[in-house]
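Chemist: Input upload_6.txt, format and content: compact mmCIF, C-alpha atoms.
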```txt
# COMPACT_ATOMS: atom_id res chain seq x y z
CA MET A 30 -8.11 12.34 -11.25
CA ALA A 31 -4.59 11.59 -12.37
CA GLN A 32 -2.96 13.19 -9.32
CA TYR A 33 -4.04 10.34 -7.07
CA GLY A 34 -1.56 7.54 -6.55
CA PHE A 35 0.45 5.45 -4.11
CA SER A 36 1.04 8.27 -1.64
CA THR A 37 -2.48 9.73 -1.61
CA ASP A 38 -4.03 9.65 1.84
CA GLY A 39 -7.61 8.93 2.71
CA LYS A 40 -8.40 12.33 4.15
CA THR A 41 -7.42 13.95 0.84
CA ILE A 42 -9.97 11.80 -1.00
CA VAL A 43 -12.65 12.61 1.58
CA SER A 44 -11.89 16.33 1.32
CA ASP A 45 -12.02 16.27 -2.49
CA PHE A 46 -15.35 14.42 -2.51
CA SER A 47 -16.87 15.82 0.68
CA SER A 48 -20.24 16.36 -1.01
CA GLU A 49 -20.39 12.59 -1.57
CA VAL A 50 -19.98 12.03 2.17
CA LYS A 51 -22.17 14.70 3.74
CA ASP A 52 -25.46 13.41 5.14
CA ARG A 53 -24.99 9.92 3.65
CA THR A 54 -25.01 6.50 5.32
CA PHE A 55 -22.00 4.19 5.10
CA LEU A 56 -21.59 0.59 6.19
CA ILE A 57 -18.12 -0.87 6.79
CA THR A 58 -17.26 -4.43 7.77
CA GLY A 59 -14.13 -5.12 9.79
CA PRO A 60 -13.46 -1.65 11.26
CA SER A 61 -11.21 -2.89 14.07
CA GLU A 62 -8.57 -0.65 15.60
CA GLY A 63 -5.36 -0.42 13.61
CA GLY A 64 -6.81 -1.61 10.29
CA ILE A 65 -7.81 0.08 7.06
CA GLY A 66 -11.50 -0.41 7.84
CA ALA A 67 -11.15 1.74 10.94
CA GLU A 68 -9.04 4.27 9.04
CA THR A 69 -11.70 4.42 6.32
CA ALA A 70 -14.43 5.15 8.88
CA ILE A 71 -12.35 7.74 10.72
CA SER A 72 -11.49 9.49 7.45
CA LEU A 73 -15.17 9.67 6.46
CA ALA A 74 -15.96 11.40 9.77
CA HIS A 75 -14.14 14.52 8.55
CA ALA A 76 -16.91 15.28 6.01
CA SER A 77 -20.14 15.04 8.04
CA PRO A 78 -21.70 11.72 7.10
CA ALA A 79 -25.10 11.11 8.64
CA THR A 80 -24.40 7.57 9.85
CA ILE A 81 -21.55 5.08 9.86
CA ILE A 82 -22.62 1.49 10.49
CA LEU A 83 -19.70 -0.50 11.89
CA VAL A 84 -20.06 -4.26 11.42
CA GLY A 85 -17.61 -6.37 13.39
CA ARG A 86 -17.06 -9.18 15.84
CA THR A 87 -16.90 -7.38 19.19
CA ILE A 88 -17.49 -3.86 20.42
CA SER A 89 -14.19 -3.97 22.33
CA LYS A 90 -12.25 -4.06 19.05
CA ILE A 91 -14.31 -1.25 17.52
CA GLN A 92 -14.91 1.14 20.43
CA SER A 93 -11.71 3.05 19.68
CA THR A 94 -12.95 3.63 16.12
CA ILE A 95 -16.25 4.94 17.45
CA ASP A 96 -14.40 7.18 19.91
CA ALA A 97 -12.18 8.58 17.15
CA ILE A 98 -15.22 9.35 14.99
CA LYS A 99 -16.93 11.14 17.89
CA THR A 100 -13.79 13.16 18.60
CA ILE A 101 -13.75 14.41 15.01
CA ASP A 102 -17.49 15.09 14.80
CA PRO A 103 -19.84 14.26 17.68
CA SER A 104 -22.85 14.67 15.39
CA VAL A 105 -21.95 11.63 13.29
CA ARG A 106 -24.21 8.75 14.26
CA THR A 107 -22.41 5.44 14.73
CA ILE A 108 -24.17 2.10 14.93
CA PHE A 109 -22.33 -1.06 15.95
CA ILE A 110 -23.68 -4.32 14.53
CA PRO A 111 -22.10 -7.50 15.91
CA VAL A 112 -21.34 -10.26 13.43
CA GLU A 113 -19.21 -13.37 13.16
CA LEU A 114 -18.44 -13.55 9.46
CA SER A 115 -17.54 -17.24 9.65
CA SER A 116 -21.18 -17.96 10.51
CA LEU A 117 -23.91 -17.53 7.93
CA SER A 118 -26.56 -17.48 10.67
CA SER A 119 -24.70 -14.62 12.34
CA VAL A 120 -24.58 -12.76 9.01
CA ARG A 121 -28.34 -13.21 8.65
CA THR A 122 -28.92 -11.96 12.18
CA ALA A 123 -26.82 -8.86 11.49
CA ALA A 124 -28.66 -8.19 8.23
CA ASN A 125 -32.03 -8.55 9.93
CA LYS A 126 -31.03 -6.03 12.61
CA ILE A 127 -30.18 -3.48 9.93
CA LEU A 128 -33.24 -4.21 7.78
CA SER A 129 -35.59 -3.92 10.75
CA ASP A 130 -34.07 -0.68 12.06
CA SER A 131 -36.35 2.12 10.92
CA SER A 132 -33.68 4.66 11.83
CA ILE A 133 -31.63 3.31 8.90
CA PRO A 134 -33.91 4.10 5.94
CA LYS A 135 -31.21 3.40 3.35
CA ILE A 136 -27.55 2.54 2.88
CA ASP A 137 -25.67 4.69 0.40
CA VAL A 138 -22.30 2.96 0.39
CA MET A 139 -21.41 -0.54 1.58
CA ILE A 140 -17.70 -1.28 2.06
CA ASN A 141 -16.91 -4.97 2.37
CA ASN A 142 -13.54 -4.66 4.07
CA ALA A 143 -13.21 -7.44 6.67
CA ALA A 144 -10.76 -10.25 5.94
CA ILE A 145 -8.40 -12.86 7.29
CA MET A 146 -5.21 -13.86 5.48
CA ALA A 147 -3.25 -17.08 4.96
CA CYS A 148 -4.47 -18.80 8.10
CA PRO A 149 -4.01 -22.52 8.79
CA TYR A 150 -6.68 -24.78 7.35
CA SER A 151 -9.93 -24.47 9.24
CA LEU A 152 -13.65 -24.66 8.59
CA SER A 153 -16.37 -22.11 9.17
CA GLU A 154 -19.41 -22.86 11.30
CA ASP A 155 -21.14 -23.99 8.11
CA GLY A 156 -18.33 -26.34 7.07
CA TYR A 157 -16.66 -24.17 4.43
CA GLU A 158 -12.96 -23.30 4.11
CA LEU A 159 -12.49 -20.40 6.48
CA GLN A 160 -10.89 -17.78 4.23
CA PHE A 161 -13.46 -18.28 1.46
CA ALA A 162 -16.27 -18.17 4.01
CA THR A 163 -15.02 -15.09 5.86
CA ASN A 164 -13.54 -12.97 3.10
CA TYR A 165 -16.00 -13.67 0.33
CA LEU A 166 -19.08 -15.76 1.08
CA SER A 167 -20.18 -13.76 4.12
CA HIS A 168 -20.01 -10.54 2.13
CA PHE A 169 -21.89 -12.11 -0.77
CA LEU A 170 -24.72 -12.98 1.62
CA LEU A 171 -24.68 -9.77 3.66
CA THR A 172 -24.68 -7.51 0.60
CA ASN A 173 -27.50 -9.35 -1.10
CA LEU A 174 -29.58 -9.40 2.07
CA LEU A 175 -29.09 -5.65 2.49
CA MET A 176 -29.80 -4.85 -1.16
CA PRO A 177 -33.36 -3.67 -0.37
CA LYS A 178 -31.88 -0.77 1.63
CA LEU A 179 -29.03 -0.15 -0.80
CA ILE A 180 -31.32 0.34 -3.78
CA LEU A 181 -33.25 3.01 -1.86
CA SER A 182 -30.20 5.25 -2.16
CA PRO A 183 -30.16 7.60 -5.16
CA SER A 184 -26.63 6.41 -5.99
CA PRO A 185 -25.89 3.14 -4.21
CA ARG A 186 -22.39 1.74 -4.28
CA VAL A 187 -20.75 -1.51 -3.14
CA VAL A 188 -17.00 -1.54 -2.58
CA ASN A 189 -15.27 -4.91 -2.30
CA VAL A 190 -11.79 -4.75 -0.79
CA SER A 191 -9.85 -7.39 -2.67
CA SER A 192 -6.07 -7.73 -2.98
CA MET A 193 -3.23 -8.26 -5.42
CA GLY A 194 -3.34 -11.67 -3.76
CA HIS A 195 -6.17 -12.51 -6.17
CA GLU A 196 -3.32 -13.23 -8.59
CA PHE A 197 -2.50 -16.36 -6.56
CA SER A 198 -5.64 -18.21 -7.64
CA GLY A 199 -9.03 -18.11 -9.26
CA VAL A 200 -12.01 -19.67 -7.49
CA LEU A 201 -11.31 -23.39 -7.64
CA PRO A 202 -13.83 -26.01 -8.82
CA ASP A 203 -13.51 -27.35 -5.28
CA PRO A 204 -13.05 -24.31 -3.02
CA GLY A 205 -12.74 -26.65 -0.05
CA PHE A 206 -9.38 -28.10 -1.14
CA ASN A 207 -10.51 -31.73 -1.00
CA SER A 208 -11.49 -31.32 2.66
CA GLY A 209 -8.14 -29.69 3.34
CA ALA A 210 -5.95 -32.41 1.81
CA SER A 211 -4.62 -30.02 -0.86
CA TYR A 212 -4.84 -26.84 1.21
CA SER A 213 -2.49 -23.94 0.54
CA PRO A 214 -2.93 -20.82 2.71
CA TRP A 215 -2.00 -18.40 -0.08
CA VAL A 216 -4.05 -20.15 -2.75
CA ALA A 217 -7.02 -20.05 -0.37
CA TYR A 218 -6.47 -16.35 0.23
CA GLY A 219 -6.17 -15.78 -3.51
CA GLN A 220 -9.41 -17.55 -4.36
CA SER A 221 -11.29 -15.56 -1.71
CA LYS A 222 -9.95 -12.29 -3.10
CA THR A 223 -10.83 -13.34 -6.65
CA GLY A 224 -14.31 -14.00 -5.32
CA ASN A 225 -14.51 -10.38 -4.17
CA ILE A 226 -13.74 -9.10 -7.68
CA LEU A 227 -16.13 -11.53 -9.39
CA PHE A 228 -18.82 -10.30 -7.00
CA THR A 229 -18.21 -6.75 -8.21
CA VAL A 230 -18.49 -7.95 -11.82
CA ASN A 231 -21.89 -9.48 -11.23
CA ILE A 232 -23.25 -6.66 -9.09
CA ASN A 233 -22.54 -4.34 -12.01
CA ARG A 234 -24.21 -6.72 -14.46
CA LYS A 235 -27.22 -7.71 -12.39
CA LEU A 236 -28.00 -4.43 -10.63
CA LYS A 237 -27.01 -1.76 -13.15
CA SER A 238 -30.68 -1.13 -13.94
CA LYS A 239 -31.25 -0.32 -10.27
CA GLY A 240 -28.42 2.21 -10.23
CA VAL A 241 -25.98 0.13 -8.18
CA LYS A 242 -22.29 0.52 -8.97
CA SER A 243 -19.55 -1.69 -7.58
CA PHE A 244 -15.76 -1.47 -7.54
CA ALA A 245 -13.11 -3.82 -6.21
CA LEU A 246 -9.59 -2.84 -5.21
CA HIS A 247 -6.17 -3.68 -3.89
CA PRO A 248 -5.52 -1.38 -0.90
CA GLY A 249 -1.76 -1.96 -0.83
CA SER A 250 0.55 -3.61 1.65
CA ILE A 251 -0.20 -2.25 5.11
CA VAL A 252 0.95 -3.44 8.52
CA SER A 253 -2.22 -4.37 10.40
CA GLY A 254 -3.94 -7.18 12.23
CA LEU A 255 -4.39 -8.91 8.88
CA GLN A 256 -0.85 -10.29 9.22
CA LYS A 257 -1.52 -12.21 12.44
CA TYR A 258 -0.91 -15.59 10.77
CA ILE A 259 2.12 -14.50 8.74
CA ASP A 260 5.46 -15.88 9.90
CA GLU A 261 8.73 -15.66 7.98
CA GLU A 262 8.12 -18.90 6.11
CA SER A 263 4.68 -17.74 5.02
CA ARG A 264 6.00 -14.32 4.01
CA GLN A 265 8.72 -15.89 1.88
CA ALA A 266 6.16 -18.17 0.23
CA ALA A 267 4.06 -15.14 -0.73
CA LEU A 268 7.09 -13.26 -2.06
CA ALA A 269 8.08 -16.30 -4.12
CA ARG A 270 4.61 -16.38 -5.67
CA LEU A 271 4.89 -12.71 -6.54
CA ALA A 272 8.39 -13.15 -7.99
CA SER A 273 7.19 -16.01 -10.19
CA SER A 274 4.82 -13.57 -11.89
CA GLY A 275 7.47 -10.89 -12.23
CA ARG A 276 6.38 -8.75 -9.30
CA ALA A 277 8.73 -7.06 -6.86
CA PRO A 278 8.00 -7.12 -3.12
CA PRO A 279 5.36 -4.48 -2.42
CA GLU A 280 6.30 -1.22 -0.74
CA ARG A 281 4.53 -0.65 2.56
CA LYS A 282 1.81 1.95 2.89
CA THR A 283 0.62 3.84 5.94
CA LEU A 284 -2.94 3.30 7.11
CA GLN A 285 -3.95 6.62 5.54
CA GLN A 286 -2.44 5.61 2.23
CA GLY A 287 -3.98 2.18 2.62
CA CYS A 288 -7.55 3.44 2.89
CA SER A 289 -7.37 5.95 0.04
CA THR A 290 -8.17 3.54 -2.79
CA THR A 291 -11.18 2.25 -0.86
CA LEU A 292 -12.37 5.81 -0.41
CA ARG A 293 -11.97 6.76 -4.05
CA ALA A 294 -13.90 3.63 -5.03
CA ALA A 295 -16.59 4.62 -2.53
CA LEU A 296 -16.89 8.33 -3.28
CA ASP A 297 -15.75 9.47 -6.72
CA PRO A 298 -18.97 9.93 -8.77
CA ASN A 299 -17.04 9.99 -12.04
CA LEU A 300 -15.62 6.46 -11.93
CA LYS A 301 -16.48 4.42 -15.01
CA GLN A 302 -18.45 1.32 -14.19
CA GLU A 303 -16.48 -0.76 -16.69
CA GLU A 304 -13.25 0.04 -14.82
CA GLN A 305 -14.03 -2.33 -12.00
CA TYR A 306 -10.67 -2.87 -10.26
CA TYR A 307 -8.47 -0.19 -8.64
CA ASP A 308 -4.94 -0.07 -7.28
CA ASN A 309 -3.12 3.01 -5.96
CA CYS A 310 -6.32 5.02 -6.49
CA GLN A 311 -6.30 4.33 -10.23
CA PRO A 312 -7.99 1.82 -12.55
CA SER A 313 -5.85 -1.28 -12.80
CA ALA A 314 -5.73 -4.64 -14.55
CA ALA A 315 -6.98 -7.63 -12.59
CA GLN A 316 -6.28 -11.18 -13.69
CA PRO A 317 -8.59 -12.36 -16.49
CA TRP A 318 -10.13 -15.04 -14.27
CA ALA A 319 -11.31 -12.33 -11.88
CA LEU A 320 -13.17 -10.39 -14.57
CA ASP A 321 -14.67 -13.20 -16.66
CA PRO A 322 -18.48 -12.87 -16.77
CA LYS A 323 -18.94 -16.63 -17.20
CA GLU A 324 -16.76 -17.26 -14.17
CA ALA A 325 -18.70 -14.61 -12.26
CA ASP A 326 -21.92 -16.48 -13.06
CA ARG A 327 -20.42 -19.81 -11.99
CA VAL A 328 -19.25 -18.42 -8.66
CA TRP A 329 -22.55 -16.61 -8.07
CA ALA A 330 -24.45 -19.88 -8.58
CA LEU A 331 -21.98 -21.72 -6.33
CA SER A 332 -22.39 -19.04 -3.68
CA GLU A 333 -26.18 -19.25 -3.80
CA GLU A 334 -25.89 -23.00 -3.28
CA MET A 335 -23.51 -22.56 -0.36
CA VAL A 336 -25.69 -19.98 1.44
CA GLY A 337 -28.91 -21.79 0.56
CA GLN A 338 -30.63 -18.82 -1.02
CA LYS A 339 -31.07 -17.46 -4.55
CA PHE A 340 -30.81 -13.75 -5.34
CA GLU A 341 -32.43 -12.62 -8.56
CA TYR A 342 -32.67 -9.04 -9.77
```
Written as structure tokens, how would this file's structure read?

Modeler:
Amino acid sequence: MAQYGFSTDGKTIVSDFSSEVKDRTFLITGPSEGGIGAETAISLAHASPATIILVGRTISKIQSTIDAIKTIDPSVRTIFIPVELSSLSSVRTAANKILSDSSIPKIDVMINNAAIMACPYSLSEDGYELQFATNYLSHFLLTNLLMPKLILSPSPRVVNVSSMGHEFSGVLPDPGFNSGASYSPWVAYGQSKTGNILFTVNINRKLKSKGVKSFALHPGSIVSGLQKYIDEESRQAALARLASSGRAPPERKTLQQGCSTTLRAALDPNLKQEEQYYDNCQPSAAQPWALDPKEADRVWALSEEMVGQKFEY
């Protein structure tokens, strides 16, 4: 719908596609207070979903989201699943809790939203660069582990929240930056966000026959906890990278505006599967390296090696 754009808010999308929300089950990673994941969940509550599964680090950061959902509609079932996305064993534990829960017969929409941005060099529990592990690899594993419940939905969908930051880098041959020796916070963020888009590309290729659709998106520039590592020097470095590619500094969005593209990607039944990347609620052009099927296959194989498990469909 052409009327959607920069200023569209999430509740408008939910209202317009309320039939795609009612009685369905949604899973959202990273729904902490004050972020677009929380705003996405709260917006969905206005249209009577059956269940919202909230996957995050600690209940203390998510309780306010649960409370807001219950205030809007006490009948919406919320399930909190603890996870530490920098730990593959924690991701597996979370997936097993969901798979073994008979009260969750299926997942209709999975929204991979959680992220960190431009942090100092650090390693995950499994020894991988932290942004790649948290933003991309954990979601690759969690989504594939939960695929048995996703494909039980009549119209399953996977939404990968990426970023215009994917323009900073493709997925490097060595995503670990030579054990940190060549580390750049923004390049690391960029490769993780490219990973999110490449994941969408391969979900659409590998699982189309099972009815799964996937979309990736740039939510916009929103003030949230995502900026915890951003000081003035880091901000200027990011702006310089944007300027070098001819981009102006992004205009800030509200949280409601920031969750609207996620919600259109999650709900609109008329989206074309070949239009895989969205910005300002509309199809948009991602960098070629983020849409290349051969690159998607390379990163899928790399990811299987890193998580120690193959996923074939």

Chemist: In Å, how far is it from CA of Ala67 (chain A) to CA of Leu246 (chain A)?

Modeler: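 For CA of Ala67 (chain A) relative to CA of Leu246 (chain A), the distance reads 16.9 Å.
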
Chemist: Skip Ser89 (chain A) itself and residues of its chain fewer than 2 positions away, then list as a PyMOL selection string all residues within 12 Å of it, counting all atoms listed in the file.

Modeler: chain A and resi 60-62+85-87+91-96+109+111

Chemist: List every residue of region 94-115 of chain A that has an atom at most 12 Å from any atom of region 159-175 of chain A, giving for each one its closest atom pair and the distance in Å to one decimal, counting all atoms listed in the file, sorted by chain and then by ascending residue number, as a Markdown table.

Modeler:
```
| residue | atom | partner | partner_atom | distance |
| --- | --- | --- | --- | --- |
| A:Val112 | CA | A:Ser167 | CA | 10.0 |
| A:Glu113 | CA | A:Thr163 | CA | 8.6 |
| A:Leu114 | CA | A:Thr163 | CA | 5.2 |
| A:Ser115 | CA | A:Thr163 | CA | 5.0 |
```

Chemist: With C-alpha atoms retained, could you export that selection as a PDB file, in the frame of the given file?

Modeler:
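Listed below is the output, out-v8.pdb:
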```
ATOM      1  CA  VAL A 112     -21.340 -10.260  13.430  1.00  0.00           C
ATOM      2  CA  GLU A 113     -19.210 -13.370  13.160  1.00  0.00           C
ATOM      3  CA  LEU A 114     -18.440 -13.550   9.460  1.00  0.00           C
ATOM      4  CA  SER A 115     -17.540 -17.240   9.650  1.00  0.00           C
TER       5      SER A 115
END
```

Chemist: With a cut-off of 9 Å, could you pull out the residues of region 207-255 of chain A touching region 135-155 of chain A and give me the nearest pair of atoms for each, distance in Å to one decimal, using all atoms listed in the file, ordered by chain and ascending number, as a tab-separated table?

Modeler:
```
residue	atom	partner	partner_atom	distance
A:Gly209	CA	A:Tyr150	CA	6.5
A:Tyr212	CA	A:Tyr150	CA	6.7
A:Ser213	CA	A:Tyr150	CA	8.0
A:Pro214	CA	A:Ala147	CA	4.4
A:Trp215	CA	A:Ala147	CA	5.4
A:Val216	CA	A:Ala147	CA	8.3
A:Ala217	CA	A:Ala147	CA	7.2
A:Tyr218	CA	A:Ala147	CA	5.8
A:Asn225	CA	A:Asn141	CA	8.8
A:Gly254	CA	A:Ile145	CA	8.7
A:Leu255	CA	A:Ile145	CA	5.8
```

Chemist: Take the point (-8.6, -1.8, -13.4) in the file's coordinates, draw a sphere of radius 9 Å around it, and report as a PyMOL selection string every protein, DNA or RNA residue with an atom inside or on it, counting only C-alpha atoms.

Modeler: chain A and resi 245-246+303-308+311-315

Chemist: Which residue is closest to Ser192 (chain A)? Choose from A:Thr290, A:Ser44, A:Thr283, A:Asn125 and count all atoms listed in the file.

Modeler: A:Thr290

Chemist: For Asn309 (chain A), which residue out of A:Gly287, A:Gly59, A:Gly64, A:Pro322 is the nearest one, using all atoms listed in the file?

Modeler: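 Of all the options, A:Gly287 lies closest to Asn309 (chain A).
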
Chemist: Using all atoms listed in the file, can you tell me which of A:Ser47, A:Thr54, A:Ser72, A:Ser129 comes closest to Ser289 (chain A)?

Modeler: A:Ser72

Chemist: Can you pull out every residue within 12 Å of Ala330 (chain A), counting only C-alpha atoms, but drop anything in the same chain fewer than 3 positions away, and send it as a VMD selection string?

Modeler: chain A and resid 166 169 227 to 228 231 323 to 327 333 to 341

Chemist: Nearest to Asn299 (chain A): which of A:Thr58, A:Ser184, A:Thr80, A:Gln220 is it, counting only C-alpha atoms?

Modeler: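 Closest residue, counting only C-alpha atoms: A:Ser184.
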
Chemist: Which is closer to Ser48 (chain A) than all the others in A:Phe244, A:Ala70, A:Tyr342, A:Pro298, using only C-alpha atoms?

Modeler: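 The answer is A:Pro298, which sits nearest to Ser48 (chain A).
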
Chemist: From the list A:Leu117, A:Ala210, A:Ala76, A:Ile110, which residue is nearest Tyr157 (chain A) when using all atoms listed in the file?

Modeler: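 Using all atoms listed in the file, the shortest distance to Tyr157 (chain A) belongs to A:Leu117.
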
Chemist: Measure the distance from CA of Tyr33 (chain A) to CA of Pro103 (chain A) in Å and round it to one decimal.

Modeler: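 Interatomic distance here is 29.6 Å.
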
Chemist: Report, in Å to a single decimal, how far apart CA of Gly199 (chain A) and CA of Thr229 (chain A) are.

Modeler: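 Rounded to one decimal, the two atoms are 14.6 Å apart.
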
Chemist: Can you give me all heavy atoms for region 90-99 of chain A, written as a short mmCIF file (atom, residue, chain, number, x, y, z; two decimals), in the frame of the given file?

Modeler:
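Written file, selection.cif:
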```cif
data_model
loop_
_atom_site.label_atom_id
_atom_site.label_comp_id
_atom_site.auth_asym_id
_atom_site.auth_seq_id
_atom_site.Cartn_x
_atom_site.Cartn_y
_atom_site.Cartn_z
N LYS A 90 -13.22 -4.30 20.11
CA LYS A 90 -12.25 -4.06 19.05
C LYS A 90 -12.60 -2.85 18.21
O LYS A 90 -11.79 -2.39 17.41
CB LYS A 90 -12.14 -5.29 18.15
CG LYS A 90 -11.50 -6.49 18.82
CD LYS A 90 -11.25 -7.61 17.82
CE LYS A 90 -10.48 -8.75 18.47
NZ LYS A 90 -10.17 -9.83 17.50
N ILE A 91 -13.82 -2.33 18.39
CA ILE A 91 -14.31 -1.25 17.52
C ILE A 91 -14.57 0.03 18.30
O ILE A 91 -14.71 1.10 17.72
CB ILE A 91 -15.56 -1.75 16.77
CG1 ILE A 91 -15.14 -2.86 15.80
CG2 ILE A 91 -16.28 -0.65 16.02
CD1 ILE A 91 -16.27 -3.60 15.16
N GLN A 92 -14.60 -0.05 19.63
CA GLN A 92 -14.91 1.14 20.43
C GLN A 92 -13.95 2.29 20.15
O GLN A 92 -14.36 3.46 20.11
CB GLN A 92 -14.90 0.79 21.92
CG GLN A 92 -15.41 1.94 22.81
CD GLN A 92 -16.84 2.33 22.49
OE1 GLN A 92 -17.72 1.48 22.46
NE2 GLN A 92 -17.07 3.62 22.26
N SER A 93 -12.68 1.97 19.95
CA SER A 93 -11.71 3.05 19.68
C SER A 93 -12.01 3.75 18.36
O SER A 93 -11.77 4.96 18.21
CB SER A 93 -10.29 2.50 19.67
OG SER A 93 -10.11 1.58 18.61
N THR A 94 -12.55 3.01 17.40
CA THR A 94 -12.95 3.63 16.12
C THR A 94 -14.14 4.55 16.35
O THR A 94 -14.17 5.68 15.83
CB THR A 94 -13.32 2.53 15.10
OG1 THR A 94 -12.22 1.62 14.97
CG2 THR A 94 -13.64 3.13 13.75
N ILE A 95 -15.10 4.10 17.12
CA ILE A 95 -16.25 4.94 17.45
C ILE A 95 -15.80 6.20 18.18
O ILE A 95 -16.24 7.32 17.87
CB ILE A 95 -17.26 4.14 18.30
CG1 ILE A 95 -17.84 2.99 17.49
CG2 ILE A 95 -18.37 5.05 18.84
CD1 ILE A 95 -18.68 2.01 18.29
N ASP A 96 -14.89 6.03 19.14
CA ASP A 96 -14.40 7.18 19.91
C ASP A 96 -13.69 8.19 19.01
O ASP A 96 -13.85 9.41 19.16
CB ASP A 96 -13.44 6.71 21.00
CG ASP A 96 -14.13 5.89 22.08
OD1 ASP A 96 -15.38 5.94 22.16
OD2 ASP A 96 -13.43 5.18 22.82
N ALA A 97 -12.90 7.68 18.06
CA ALA A 97 -12.18 8.58 17.15
C ALA A 97 -13.15 9.35 16.26
O ALA A 97 -12.96 10.55 16.00
CB ALA A 97 -11.21 7.77 16.29
N ILE A 98 -14.20 8.68 15.80
CA ILE A 98 -15.22 9.35 14.99
C ILE A 98 -15.89 10.46 15.80
O ILE A 98 -16.07 11.59 15.31
CB ILE A 98 -16.26 8.33 14.49
CG1 ILE A 98 -15.64 7.39 13.45
CG2 ILE A 98 -17.50 9.04 13.90
CD1 ILE A 98 -16.50 6.18 13.13
N LYS A 99 -16.25 10.16 17.04
CA LYS A 99 -16.93 11.14 17.89
C LYS A 99 -16.02 12.32 18.24
O LYS A 99 -16.50 13.45 18.40
CB LYS A 99 -17.43 10.46 19.16
CG LYS A 99 -18.52 9.43 18.93
CD LYS A 99 -19.77 10.05 18.32
CE LYS A 99 -20.90 9.06 18.20
NZ LYS A 99 -22.10 9.67 17.54
#
```
